[in-house]
file protein_2.txt (compact mmCIF, C-alpha atoms and all ligand atoms)
# COMPACT_ATOMS: atom_id res chain seq x y z
CA MET A 236 25.55 113.02 15.06
CA ASN A 237 25.35 109.26 15.22
CA LEU A 238 21.61 109.38 14.59
CA ALA A 239 22.18 111.52 11.51
CA ASP A 240 25.01 109.29 10.26
CA SER A 241 22.82 106.22 10.84
CA GLU A 242 20.02 107.82 8.83
CA GLU A 243 22.47 108.57 6.03
CA MET A 244 23.78 105.00 5.91
CA ALA A 245 20.25 103.62 6.09
CA ALA A 246 19.19 105.87 3.19
CA HIS A 247 21.86 104.29 0.94
CA LEU A 248 20.63 100.82 1.84
CA LEU A 249 17.00 101.81 1.32
CA MET A 250 18.05 102.77 -2.21
CA ARG A 251 19.39 99.25 -2.61
CA GLY A 252 16.04 97.70 -1.78
CA TYR A 253 16.39 97.24 1.97
CA ALA A 254 13.67 98.26 4.44
CA LEU A 255 14.07 99.19 8.10
CA THR A 256 13.19 96.82 10.90
CA ASP A 257 13.88 96.82 14.61
CA GLN A 258 13.37 93.03 14.78
CA LEU A 259 16.68 91.25 14.72
CA ASP A 260 15.18 87.94 13.55
CA GLN A 261 13.66 89.67 10.51
CA ALA A 262 16.85 91.51 9.55
CA ASP A 263 19.23 90.49 6.77
CA LEU A 264 21.71 93.17 7.71
CA VAL A 265 22.77 94.83 10.95
CA ILE A 266 24.71 98.10 11.00
CA ILE A 267 26.30 98.88 14.36
CA ASN A 268 27.04 102.59 14.34
CA THR A 269 29.51 103.14 17.15
CA CYS A 270 30.81 105.78 19.54
CA THR A 271 34.28 105.73 21.08
CA VAL A 272 34.17 108.90 23.18
CA ARG A 273 34.35 106.79 26.34
CA ASP A 274 35.63 103.26 26.76
CA HIS A 275 32.22 102.09 27.97
CA ALA A 276 30.52 103.06 24.68
CA GLU A 277 33.08 101.15 22.63
CA HIS A 278 32.82 98.17 24.93
CA ARG A 279 29.07 97.90 24.49
CA ALA A 280 29.37 98.03 20.71
CA LEU A 281 31.99 95.27 20.71
CA SER A 282 29.96 93.09 23.01
CA LEU A 283 26.93 93.45 20.71
CA LEU A 284 29.15 92.50 17.79
CA GLY A 285 30.23 89.42 19.76
CA ARG A 286 26.61 88.42 20.40
CA LEU A 287 25.78 88.73 16.70
CA ARG A 288 28.08 85.84 15.81
CA LYS A 289 25.28 83.39 16.63
CA TRP A 290 22.67 85.44 14.72
CA LYS A 291 24.82 85.47 11.62
CA ARG A 292 25.41 81.72 11.73
CA GLU A 293 21.71 80.93 12.05
CA LYS A 294 20.77 81.89 8.49
CA ASP A 295 22.56 82.31 5.15
CA GLY A 296 22.78 85.76 3.60
CA ARG A 297 23.01 87.69 6.87
CA HIS A 298 25.51 90.55 6.97
CA ILE A 299 27.07 92.82 9.60
CA ILE A 300 28.52 96.31 9.09
CA PHE A 301 30.54 97.90 11.90
CA ALA A 302 30.57 101.67 11.41
CA GLY A 303 31.39 104.97 13.12
CA CYS A 304 34.08 106.14 15.52
CA ALA A 305 35.05 102.83 17.14
CA ALA A 306 35.31 101.35 13.63
CA GLN A 307 37.60 104.26 12.70
CA ARG A 308 39.77 103.76 15.78
CA LEU A 309 40.10 99.99 15.61
CA GLY A 310 40.05 99.49 11.83
CA GLU A 311 40.92 96.22 10.09
CA LYS A 312 42.29 94.63 13.27
CA LEU A 313 38.65 94.05 14.25
CA LYS A 314 38.57 91.29 11.62
CA LYS A 315 41.01 89.23 13.72
CA THR A 316 38.65 88.99 16.68
CA PHE A 317 35.46 89.11 14.62
CA PRO A 318 36.22 87.30 11.33
CA TYR A 319 32.49 87.11 10.49
CA LEU A 320 32.32 90.92 10.15
CA ASP A 321 31.44 91.80 6.52
CA LEU A 322 32.33 95.47 6.33
CA ILE A 323 34.10 98.09 8.46
CA SER A 324 33.18 101.69 7.71
CA GLY A 325 35.00 104.31 9.83
CA ALA A 326 33.42 107.63 10.80
CA ARG A 327 35.52 109.48 8.23
CA GLU A 328 34.18 107.29 5.44
CA ILE A 329 30.55 108.30 5.82
CA ASP A 330 30.66 110.35 2.59
CA HIS A 331 31.91 107.28 0.71
CA PHE A 332 29.58 104.79 2.36
CA ALA A 333 27.61 104.15 -0.86
CA ASP A 334 30.84 103.37 -2.81
CA LEU A 335 32.00 101.14 0.00
CA CYS A 336 28.76 99.16 -0.18
CA ASP A 337 29.01 98.87 -3.97
CA ARG A 338 32.65 97.80 -3.90
CA SER A 339 31.94 95.20 -1.22
CA GLY A 340 29.77 93.22 -3.65
CA LEU A 341 27.46 92.39 -0.74
CA PHE A 342 24.44 94.24 -2.03
CA ALA A 343 22.91 93.38 -5.38
CA PRO A 344 21.09 96.27 -7.14
CA ALA A 345 17.38 96.28 -6.23
CA PRO A 346 14.45 98.65 -6.62
CA GLY A 347 14.68 101.59 -4.20
CA GLY A 348 12.73 101.58 -0.95
CA GLU A 349 11.03 104.46 0.83
CA ALA A 350 13.01 106.98 2.87
CA ASP A 351 12.20 107.07 6.58
CA LYS A 352 9.97 110.10 7.12
CA ARG A 353 8.89 109.55 10.70
CA GLY A 354 9.52 112.11 13.39
CA VAL A 355 9.12 115.86 13.58
CA THR A 356 12.86 116.52 13.53
CA GLY A 357 14.99 116.37 10.40
CA TYR A 358 18.74 116.04 11.01
CA VAL A 359 21.14 117.98 8.79
CA THR A 360 24.90 117.67 9.19
CA ILE A 361 26.63 121.01 8.55
CA MET A 362 30.21 120.24 9.57
CA ARG A 363 32.34 117.25 10.44
CA GLY A 364 35.47 116.87 12.57
CA CYS A 365 36.99 119.12 15.22
CA ASP A 366 39.91 121.59 15.27
CA PHE A 367 40.13 121.75 19.08
CA ALA A 368 42.46 119.52 21.05
CA CYS A 369 40.83 118.97 24.43
CA SER A 370 43.34 116.87 26.32
CA TYR A 371 40.88 114.08 27.24
CA CYS A 372 39.11 113.75 23.89
CA ILE A 373 39.52 111.22 21.09
CA VAL A 374 37.16 112.93 18.64
CA PRO A 375 39.81 114.92 16.69
CA ALA A 376 41.80 111.69 16.20
CA VAL A 377 38.87 109.68 14.88
CA ARG A 378 36.84 112.35 13.09
CA GLY A 379 39.75 114.46 11.77
CA PRO A 380 39.92 118.23 11.24
CA VAL A 381 36.92 120.47 10.58
CA HIS A 382 35.25 120.24 7.22
CA CYS A 383 32.26 122.55 6.69
CA LEU A 384 29.58 121.69 4.16
CA SER A 385 28.64 124.58 1.84
CA SER A 386 25.62 126.69 2.73
CA LYS A 387 24.15 125.73 -0.66
CA GLU A 388 24.31 122.04 0.17
CA ILE A 389 23.02 122.59 3.72
CA LEU A 390 20.06 124.69 2.55
CA THR A 391 19.18 122.09 -0.11
CA ASN A 392 19.29 119.29 2.49
CA ALA A 393 17.28 121.29 5.03
CA ALA A 394 14.67 122.29 2.43
CA ARG A 395 14.28 118.63 1.44
CA LYS A 396 13.84 117.57 5.06
CA ALA A 397 11.20 120.27 5.57
CA GLN A 398 9.36 119.17 2.41
CA GLU A 399 9.44 115.56 3.61
CA GLY A 400 7.49 116.69 6.67
CA HIS A 401 10.08 117.66 9.28
CA PRO A 402 9.13 121.14 10.54
CA GLU A 403 12.01 121.08 13.02
CA ILE A 404 15.52 121.09 11.60
CA MET A 405 18.43 120.04 13.82
CA LEU A 406 21.80 121.25 12.52
CA LEU A 407 24.65 118.96 13.55
CA GLY A 408 28.40 119.11 14.02
CA GLN A 409 31.05 118.28 16.63
CA THR A 410 31.56 122.01 17.16
CA VAL A 411 28.51 123.03 15.19
CA ASN A 412 28.82 126.77 15.75
CA ALA A 413 32.36 126.78 14.35
CA TRP A 414 30.67 126.54 10.94
CA LYS A 415 31.60 129.35 8.58
CA GLU A 416 31.81 130.12 4.89
CA GLU A 417 33.66 133.15 3.54
CA ARG A 418 31.63 136.03 4.95
CA LYS A 419 28.75 133.87 6.20
CA THR A 420 28.56 133.05 9.92
CA PHE A 421 26.78 130.27 11.78
CA ALA A 422 24.12 132.79 12.90
CA ASP A 423 23.50 133.76 9.23
CA LEU A 424 23.03 130.07 8.44
CA LEU A 425 20.54 129.62 11.31
CA ASN A 426 18.53 132.57 10.03
CA GLU A 427 18.58 131.27 6.44
CA VAL A 428 17.51 127.74 7.42
CA SER A 429 14.68 129.14 9.57
CA ALA A 430 13.37 131.11 6.57
CA LEU A 431 12.95 127.99 4.37
CA PRO A 432 9.34 127.08 3.53
CA GLY A 433 7.94 124.57 6.03
CA VAL A 434 10.56 125.19 8.71
CA GLU A 435 8.99 126.10 12.06
CA ARG A 436 11.98 125.64 14.35
CA VAL A 437 15.76 125.27 14.13
CA ARG A 438 17.93 123.55 16.73
CA PHE A 439 21.63 122.75 16.73
CA VAL A 440 24.09 120.52 18.61
CA SER A 441 26.90 120.53 19.91
CA PRO A 442 28.04 124.13 20.16
CA HIS A 443 31.36 125.12 21.72
CA PRO A 444 31.42 128.06 24.17
CA ALA A 445 34.24 129.72 22.16
CA PHE A 446 31.78 130.72 19.43
CA ILE A 447 29.07 132.13 21.68
CA THR A 448 29.77 135.80 21.04
CA PRO A 449 27.77 139.05 21.42
CA GLN A 450 27.51 139.09 17.59
CA PHE A 451 25.97 135.62 17.62
CA LEU A 452 23.41 136.61 20.25
CA GLU A 453 22.60 139.84 18.42
CA ALA A 454 21.99 137.92 15.19
CA VAL A 455 19.67 135.28 16.68
CA LYS A 456 17.82 137.06 19.47
CA ASN A 457 15.00 138.44 17.34
CA ASN A 458 14.32 135.22 15.43
CA PRO A 459 11.70 133.20 17.36
CA LYS A 460 12.19 130.18 15.05
CA ILE A 461 15.64 129.61 16.55
CA ALA A 462 14.89 127.37 19.53
CA ARG A 463 15.58 128.88 22.93
CA HIS A 464 17.62 125.93 24.12
CA ILE A 465 21.32 125.35 23.88
CA HIS A 466 23.30 122.28 24.93
CA LEU A 467 26.56 123.88 25.97
CA PRO A 468 29.13 121.43 27.39
CA ALA A 469 30.96 123.03 30.34
CA GLN A 470 32.99 119.90 31.38
CA SER A 471 34.21 121.43 34.66
CA GLY A 472 33.63 124.41 36.95
CA SER A 473 37.29 124.81 37.86
CA THR A 474 39.37 127.22 35.79
CA LYS A 475 42.49 125.20 36.63
CA VAL A 476 40.96 121.95 35.32
CA LEU A 477 39.50 123.72 32.28
CA GLN A 478 43.00 124.92 31.43
CA GLU A 479 44.42 121.42 31.85
CA MET A 480 41.61 120.11 29.68
CA LYS A 481 42.60 122.77 27.10
CA ARG A 482 39.00 123.96 26.79
CA GLY A 483 40.02 127.55 26.00
CA TYR A 484 37.75 129.31 28.53
CA THR A 485 37.62 129.99 32.25
CA ARG A 486 34.79 129.51 34.73
CA GLU A 487 34.20 133.27 34.69
CA THR A 488 34.06 133.70 30.89
CA LEU A 489 31.77 130.67 30.66
CA LEU A 490 29.42 132.09 33.30
CA GLN A 491 29.34 135.43 31.46
CA LYS A 492 28.28 133.63 28.27
CA ILE A 493 25.67 131.60 30.12
CA HIS A 494 24.28 134.78 31.64
CA ALA A 495 24.08 136.47 28.21
CA LEU A 496 22.32 133.42 26.73
CA LYS A 497 19.77 133.44 29.55
CA GLU A 498 19.08 137.12 28.95
CA CYS A 499 18.02 136.10 25.42
CA GLY A 500 15.68 133.44 26.88
CA PHE A 501 17.84 130.35 26.30
CA ALA A 502 17.53 127.34 28.60
CA ILE A 503 20.97 125.76 28.95
CA SER A 504 21.85 122.10 29.41
CA THR A 505 25.38 120.82 29.69
CA ASP A 506 27.93 117.97 29.89
CA LEU A 507 30.20 117.57 32.92
CA ILE A 508 33.18 115.26 33.46
CA VAL A 509 34.15 114.15 36.98
CA GLY A 510 37.52 112.77 37.98
CA PHE A 511 39.78 114.34 35.37
CA PRO A 512 43.27 113.14 36.53
CA THR A 513 44.29 116.47 38.09
CA GLU A 514 40.88 117.23 39.65
CA THR A 515 41.23 117.94 43.40
CA GLU A 516 38.40 117.97 45.93
CA GLU A 517 38.39 121.77 45.66
CA ASP A 518 38.14 121.60 41.81
CA PHE A 519 35.23 119.20 42.13
CA LEU A 520 33.45 121.58 44.53
CA GLN A 521 33.85 124.26 41.85
CA THR A 522 31.90 122.05 39.44
CA LEU A 523 29.13 121.68 42.03
CA THR A 524 28.89 125.45 42.52
CA LEU A 525 28.95 126.00 38.76
CA VAL A 526 25.80 123.89 38.51
CA GLU A 527 24.13 126.18 41.06
CA GLN A 528 25.31 129.42 39.53
CA ALA A 529 24.62 128.49 35.92
CA GLY A 530 21.07 127.24 36.57
CA PHE A 531 21.33 124.46 33.98
CA SER A 532 18.06 122.87 32.87
CA ALA A 533 19.77 119.46 32.62
CA ALA A 534 23.28 117.99 32.83
CA TYR A 535 24.82 114.79 31.50
CA CYS A 536 27.54 113.68 33.88
CA PHE A 537 30.40 111.39 32.87
CA LYS A 538 33.18 109.68 34.73
CA TYR A 539 36.49 110.53 33.13
CA SER A 540 37.53 107.73 30.77
CA PRO A 541 41.16 107.66 29.56
CA ARG A 542 41.37 107.38 25.77
CA GLN A 543 44.52 105.93 24.27
CA GLY A 544 46.61 108.49 22.39
CA THR A 545 45.13 111.57 24.08
CA PRO A 546 47.49 113.77 26.20
CA ALA A 547 45.47 113.25 29.41
CA ALA A 548 45.82 109.46 29.09
CA GLN A 549 49.50 109.91 30.15
CA LEU A 550 48.43 111.22 33.57
CA PRO A 551 47.92 108.93 36.58
CA LEU A 552 44.24 108.19 37.20
CA LEU A 553 42.32 109.07 40.35
CA ASP A 554 41.18 105.99 42.23
CA GLU A 555 37.87 104.44 41.15
CA LYS A 556 36.25 105.01 44.56
CA THR A 557 36.83 108.79 44.34
CA LEU A 558 35.41 108.81 40.81
CA GLU A 559 32.31 106.89 41.90
CA GLN A 560 31.78 109.16 44.92
CA ARG A 561 32.13 112.36 42.93
CA LEU A 562 29.80 111.08 40.22
CA ASP A 563 27.23 110.18 42.86
CA ILE A 564 27.39 113.60 44.52
CA LEU A 565 27.12 115.36 41.16
CA LEU A 566 24.22 113.19 40.01
CA ASN A 567 22.39 114.03 43.23
CA LYS A 568 23.00 117.70 42.59
CA VAL A 569 21.69 117.62 39.02
CA ARG A 570 18.70 115.36 39.77
CA GLY A 571 16.36 118.17 40.74
CA LEU A 572 17.40 120.51 37.91
CA ALA A 573 14.82 119.49 35.34
CA GLU A 574 11.98 119.55 37.85
CA HIS A 575 12.93 123.02 38.94
CA ALA A 576 13.26 124.19 35.34
CA TYR A 577 9.80 122.78 34.50
CA SER A 578 8.15 124.55 37.43
CA ARG A 579 9.63 127.91 36.33
CA HIS A 580 7.27 127.80 33.30
CA ILE A 581 4.01 127.96 35.24
CA GLY A 582 2.06 131.08 34.30
CA GLN A 583 4.22 131.74 31.21
CA GLN A 584 3.40 131.55 27.50
CA ALA A 585 4.82 128.52 25.68
CA THR A 586 5.28 127.80 21.97
CA VAL A 587 4.76 124.08 21.48
CA LEU A 588 5.71 122.17 18.32
CA MET A 589 3.42 119.15 18.33
CA GLU A 590 5.03 115.69 18.08
CA SER A 591 1.80 113.75 18.71
CA PRO A 592 -1.84 115.00 18.90
CA HIS A 593 -1.52 115.99 22.58
CA LYS A 594 2.20 116.31 23.16
CA GLY A 595 5.03 118.46 21.89
CA ARG A 596 8.16 120.35 22.87
CA THR A 597 8.53 124.00 23.81
CA SER A 598 11.11 126.20 22.16
CA ASP A 599 13.33 125.84 25.25
CA ASN A 600 13.04 122.04 24.95
CA PHE A 601 10.55 121.01 27.63
CA TRP A 602 7.78 118.46 27.04
CA ALA A 603 4.27 119.87 27.10
CA GLN A 604 0.83 118.28 27.07
CA THR A 605 -2.03 120.20 25.47
CA LYS A 606 -5.68 120.06 26.46
CA LYS A 607 -7.02 119.99 22.88
CA SER A 608 -5.80 117.76 20.11
CA TYR A 609 -3.58 119.31 17.40
CA LYS A 610 -2.05 118.28 14.09
CA ILE A 611 1.44 116.79 14.37
CA GLY A 612 3.96 119.42 13.25
CA SER A 613 1.72 122.38 14.06
CA VAL A 614 2.82 125.15 16.43
CA VAL A 615 0.58 125.97 19.39
CA GLN A 616 0.82 129.06 21.61
CA SER A 617 -0.64 128.64 25.06
CA GLU A 618 -0.16 129.51 28.71
CA VAL A 619 1.34 126.88 31.01
CA SER A 620 -1.07 126.19 33.86
CA ALA A 621 0.75 123.42 35.74
CA SER A 622 3.69 121.03 35.76
CA ASP A 623 4.40 117.67 37.37
CA GLY A 624 8.17 118.09 37.07
CA THR A 625 8.44 116.05 33.87
CA LEU A 626 5.71 117.65 31.78
CA LEU A 627 4.09 121.07 31.33
CA PHE A 628 0.29 121.30 31.02
CA THR A 629 -1.12 124.05 28.82
CA ARG A 630 -4.50 125.81 29.06
CA ASP A 631 -5.47 125.07 25.42
N1 LIG B 701 32.25 118.66 20.88
C1 LIG B 701 31.57 118.65 22.11
C2 LIG B 701 31.64 117.34 22.86
C3 LIG B 701 31.67 116.05 22.11
S1 LIG B 701 32.00 114.62 23.09
C4 LIG B 701 32.19 119.73 22.98
O1 LIG B 701 33.33 120.07 22.89
O2 LIG B 701 31.52 120.24 23.81
C5 LIG B 701 30.55 114.51 24.09
C6 LIG B 701 30.82 114.56 25.57
O3 LIG B 701 31.51 113.41 25.99
C7 LIG B 701 31.70 115.72 26.02
O4 LIG B 701 31.00 116.91 26.19
C8 LIG B 701 32.31 115.20 27.31
O5 LIG B 701 31.54 115.60 28.43
C9 LIG B 701 32.24 113.68 27.15
N2 LIG B 701 33.60 113.14 27.00
C10 LIG B 701 34.43 113.30 25.95
N3 LIG B 701 35.60 112.64 26.18
C11 LIG B 701 35.49 112.07 27.40
C12 LIG B 701 36.36 111.26 28.20
N4 LIG B 701 37.57 110.94 27.78
N5 LIG B 701 35.90 110.83 29.39
C13 LIG B 701 34.66 111.16 29.83
N6 LIG B 701 33.81 111.91 29.12
C14 LIG B 701 34.20 112.37 27.92
FE1 LIG B 702 36.40 116.78 21.77
FE2 LIG B 702 37.02 119.23 22.60
FE3 LIG B 702 36.57 118.76 19.99
FE4 LIG B 702 34.54 118.70 21.73
S1 LIG B 702 35.81 120.50 21.22
S2 LIG B 702 34.96 117.21 20.10
S3 LIG B 702 35.50 117.82 23.52
S4 LIG B 702 38.25 117.98 21.20
call {"tool": "encode", "arguments": {"input": "protein_2.txt", "output": "C-alpha cells", "more": "lines below"}}
Ligand code: SAH
Ligand code: SF4
result
Amino acid sequence: MNLADSEEMAAHLLMRGYALTDQLDQADLVIINTCTVRDHAEHRALSLLGRLRKWKREKDGRHIIFAGCAAQRLGEKLKKTFPYLDLISGAREIDHFADLCDRSGLFAPAPGGEADKRGVTGYVTIMRGCDFACSYCIVPAVRGPVHCLSSKEILTNAARKAQEGHPEIMLLGQTVNAWKEERKTFADLLNEVSALPGVERVRFVSPHPAFITPQFLEAVKNNPKIARHIHLPAQSGSTKVLQEMKRGYTRETLLQKIHALKECGFAISTDLIVGFPTETEEDFLQTLTLVEQAGFSAAYCFKYSPRQGTPAAQLPLLDEKTLEQRLDILLNKVRGLAEHAYSRHIGQQATVLMESPHKGRTSDNFWAQTKKSYKIGSVVQSEVSASDGTLLFTRD
C-alpha cells in the first residue's frame, strides 16, 4: 500500500517538473512515506526526519514532506519537534495530495516529467481503510473506514498500467477482498482485471480470511491469470488469542480455508504476532503447530507492539525476555519454510512471468531462473528441474 501511495504522490510531483532520484545529495525534495503499524516503524521514520535537518540546512530550496500513517497519527504536533518540516500529509489525505501541494505554494508550475514505468508490476489501489477492529491494530484509527473505488475507476487505472508496460497488476487494500460494488464481488473484479488487454497476471494484498469463501474459490479457480499465491495473515494459532484479538475466526475455520485454498493450487504466506498480552505458553505452542499444519510458504513474524488508543494497549505487557524468546523460536520454525516450498516444485510445470531476461516469478510467487533468455514481461511455461532453496531452475 505504501509503495502504491508513494507512486501516487511521486506522480503528482513528476507532473510539477520533478524527476526521481535515489541520491539524497541530488534531491531538492524528500517525501518520507511512513508506517505506524508498529512503534518501530514510526521510530525509524522519525529518526530519518531528524537526520534530514542537516541535509535541509546545507542548501537553499530543499523541502521535506512527511506523509502516510505516522503523519496521520501525529499530525501538526510534529512541527514542534521538527520545525523545518515543510508539509505534513496524512494517509487519509492521499486523494487530496495534489491540492495540498498546490496550496502549500512550495512547488512552482513546471513542465511535466515522465511517469515511472519500471518494473513488471503495476499497483492499483481498489479500497482504502478498514471496517474491522482488531484489538491490537491502529490501522482503522489512522486510515478510517472502508472506502471502495468504483470498478470503472479501477479498470481504467489497471488498463492504463497494463498499457504502460506492467503485465502484472497488483490490487491493493487493507482488507482488499472486502471490496464490493452493488452486485459485483471481489472475485468478479479479479476476473475483469485479468481480461484487460496486456494483463498476464493479477495479484492482490492484503486479504482477510473472512472473505475467503467457497463462492470466491469457485469464481477464481478456473482463471489461470489469477496468481496462485495468497498472503493471508493468520496472526495466531490459538483460538483463544484470536478471539481476544477480535479477528473473527478460529484456528479450525482458518485451517479449513487454508486447506480449500491449497486444493485450488494456492501457496499461502502469512503474518504472525508473538507476545500478544494474553498469550500463554500453550497459546504460543498453538501458533507453532499452526505453522506446521498450514504448510505456509513464508511467514512474517512480529513482536507485539502496543499502539496507543487500541483496546489491547490497556492490557499489561508480557516481559521483553519472553517476547524475544518466542520470536526466536518462531523465526527458527519458519526459517526452513521457503526452502521446503521451493523443493516441492521439482518435476512440476511452472508458469514464469519474466522480470529480467533470465529471471521471473511463478504464479505461486517463487523466483525462477530460465535456461534461455526471454523478453521481460513474457510468460514462459517450463518444467522445474532443480532448486537451491532460494531459486527454481527451469528446463527451458
Ligand atoms: N489488514 C491486514 C494487516 C495489516 S497490518 C490483515 O488484517 O490481515 C500488517 C501486519 O502488521 C499484520 O498482519 C500484523 O501481523 C502486524 N501488526 C499489526 N498491528 C500490530 C501490532 N500492534 N503489533 C505487532 N504487529 C502488528
Ligand atoms: Fe488492522 Fe485487523 Fe483491519 Fe487488518 S483487519 S487492518 S489487522 S484492524
call {"tool": "residues_around", "arguments": {"input": "protein_2.txt", "residues": "Phe451 in chain A", "least_positions_apart": "5", "cutoff": "9 Å", "atoms": "all atoms listed in the file", "output": "list in words"}}
result
Thr420, Phe421, Ala422, Asp423, Phe446 and Lys456 of chain A
call {"tool": "closest_residue", "arguments": {"input": "protein_2.txt", "among": "A:Ser241, A:Gln583, A:Gln543, A:Ser339", "to": "Thr271 in chain A", "atoms": "all atoms listed in the file"}}
result
A:Gln543
call {"tool": "closest_residue", "arguments": {"input": "protein_2.txt", "among": "A:Leu255, A:Val440, A:Ala306, A:Ala529", "to": "Ile465 in chain A", "atoms": "all atoms listed in the file"}}
result
A:Val440
call {"tool": "residues_near_ligand", "arguments": {"input": "protein_2.txt", "ligand": "ligand LIG 701 (chain B)", "cutoff": "7 Å", "atoms": "only C-alpha atoms and all ligand atoms", "output": "ChimeraX atom specification"}}
result
/A:272-273,371-373,409-410,441-443,467-468,470,506-508,537-542
call {"tool": "axis_aligned_box", "arguments": {"input": "protein_2.txt", "around": "ligand LIG 702 (chain B)", "padding_each_side": "3 Å", "output": "lines of an AutoDock Vina configuration file"}}
result
center_x = 36.4
center_y = 118.6
center_z = 21.8
size_x = 9.7
size_y = 9.7
size_z = 9.5
call {"tool": "closest_atom_pairs", "arguments": {"input": "protein_2.txt", "of": "chain A", "to": "ligand LIG 702 (chain B)", "cutoff": "6 Å", "atoms": "all atoms listed in the file", "output": "tab-separated table"}}
result
residue	atom	partner	partner_atom	distance
A:Cys365	CA	B:LIG702	FE3	4.8
A:Phe367	CA	B:LIG702	S4	4.7
A:Ala368	CA	B:LIG702	S4	4.5
A:Cys369	CA	B:LIG702	FE2	4.2
A:Cys372	CA	B:LIG702	FE1	4.6
A:Val374	CA	B:LIG702	FE1	5.0
A:Pro375	CA	B:LIG702	S4	5.7
A:Gln409	CA	B:LIG702	S2	5.3
call {"tool": "write_last_selection", "arguments": {"input": "protein_2.txt", "atoms": "C-alpha atoms", "output": "PDB file, keeping the file's coordinate frame"}}
result
ATOM      1  CA  CYS A 365      36.990 119.120  15.220  1.00  0.00           C
ATOM      2  CA  PHE A 367      40.130 121.750  19.080  1.00  0.00           C
ATOM      3  CA  ALA A 368      42.460 119.520  21.050  1.00  0.00           C
ATOM      4  CA  CYS A 369      40.830 118.970  24.430  1.00  0.00           C
ATOM      5  CA  CYS A 372      39.110 113.750  23.890  1.00  0.00           C
ATOM      6  CA  VAL A 374      37.160 112.930  18.640  1.00  0.00           C
ATOM      7  CA  PRO A 375      39.810 114.920  16.690  1.00  0.00           C
ATOM      8  CA  GLN A 409      31.050 118.280  16.630  1.00  0.00           C
TER       9      GLN A 409
END
call {"tool": "closest_residue", "arguments": {"input": "protein_2.txt", "among": "A:Ser370, A:Lys415, A:Glu498, A:Leu572", "to": "Pro546 in chain A", "atoms": "all atoms listed in the file"}}
result
A:Ser370
call {"tool": "residues_around", "arguments": {"input": "protein_2.txt", "residues": "range 293-300 of chain A", "least_positions_apart": "4", "cutoff": "10 Å", "atoms": "all atoms listed in the file", "output": "ChimeraX atom specification"}}
result
/A:260,262-268,284,287-289,306,319-324,336,341-342
call {"tool": "closest_residue", "arguments": {"input": "protein_2.txt", "among": "A:Asp554, A:Ile611, A:Ala333, A:Gln478", "to": "Gly400 in chain A", "atoms": "all atoms listed in the file"}}
result
A:Ile611
call {"tool": "residues_near_point", "arguments": {"input": "protein_2.txt", "point": "(34.8, 116.8, 49.2)", "cutoff": "12 Å", "atoms": "all atoms listed in the file", "output": "PyMOL selection string"}}
result
chain A and resi 514-523+557-558+560-565
call {"tool": "closest_residue", "arguments": {"input": "protein_2.txt", "among": "A:Ala621, A:Val509, A:Leu525, A:Leu335", "to": "Leu552 in chain A", "atoms": "all atoms listed in the file"}}
result
A:Val509
call {"tool": "decode", "arguments": {"input": "protein_2.txt", "residues": "range 357-367 of chain A", "atoms": "N, CA, C and O atoms", "output": "short mmCIF file (atom, residue, chain, number, x, y, z; two decimals), in the first residue's frame"}}
result
data_model
loop_
_atom_site.label_atom_id
_atom_site.label_comp_id
_atom_site.auth_asym_id
_atom_site.auth_seq_id
_atom_site.Cartn_x
_atom_site.Cartn_y
_atom_site.Cartn_z
N GLY A 357 2.31 -3.43 -11.83
CA GLY A 357 1.63 -2.14 -11.72
C GLY A 357 0.69 -2.19 -10.52
O GLY A 357 -0.12 -3.12 -10.39
N TYR A 358 0.81 -1.24 -9.60
CA TYR A 358 0.00 -1.25 -8.39
C TYR A 358 -1.29 -0.46 -8.60
O TYR A 358 -1.26 0.67 -9.10
N VAL A 359 -2.41 -1.04 -8.20
CA VAL A 359 -3.69 -0.36 -8.34
C VAL A 359 -4.46 -0.46 -7.02
O VAL A 359 -4.83 -1.56 -6.59
N THR A 360 -4.68 0.66 -6.38
CA THR A 360 -5.45 0.67 -5.12
C THR A 360 -6.92 0.51 -5.45
O THR A 360 -7.45 1.20 -6.32
N ILE A 361 -7.59 -0.44 -4.76
CA ILE A 361 -9.03 -0.65 -5.04
C ILE A 361 -9.90 -0.27 -3.85
O ILE A 361 -11.09 -0.06 -4.00
N MET A 362 -9.32 -0.24 -2.66
CA MET A 362 -10.09 0.21 -1.48
C MET A 362 -9.12 0.80 -0.47
O MET A 362 -7.93 0.48 -0.49
N ARG A 363 -9.66 1.67 0.36
CA ARG A 363 -8.84 2.25 1.43
C ARG A 363 -9.57 2.04 2.75
O ARG A 363 -10.78 1.89 2.78
N GLY A 364 -8.81 2.05 3.86
CA GLY A 364 -9.42 1.96 5.18
C GLY A 364 -9.76 0.53 5.58
O GLY A 364 -9.49 -0.42 4.85
N CYS A 365 -10.35 0.40 6.79
CA CYS A 365 -10.66 -0.93 7.32
C CYS A 365 -11.85 -0.83 8.26
O CYS A 365 -11.91 0.05 9.10
N ASP A 366 -12.84 -1.76 8.09
CA ASP A 366 -14.01 -1.79 8.96
C ASP A 366 -13.89 -2.80 10.09
O ASP A 366 -14.83 -2.97 10.86
N PHE A 367 -12.76 -3.50 10.18
CA PHE A 367 -12.56 -4.42 11.30
C PHE A 367 -12.06 -3.62 12.51
O PHE A 367 -11.80 -2.42 12.40
#
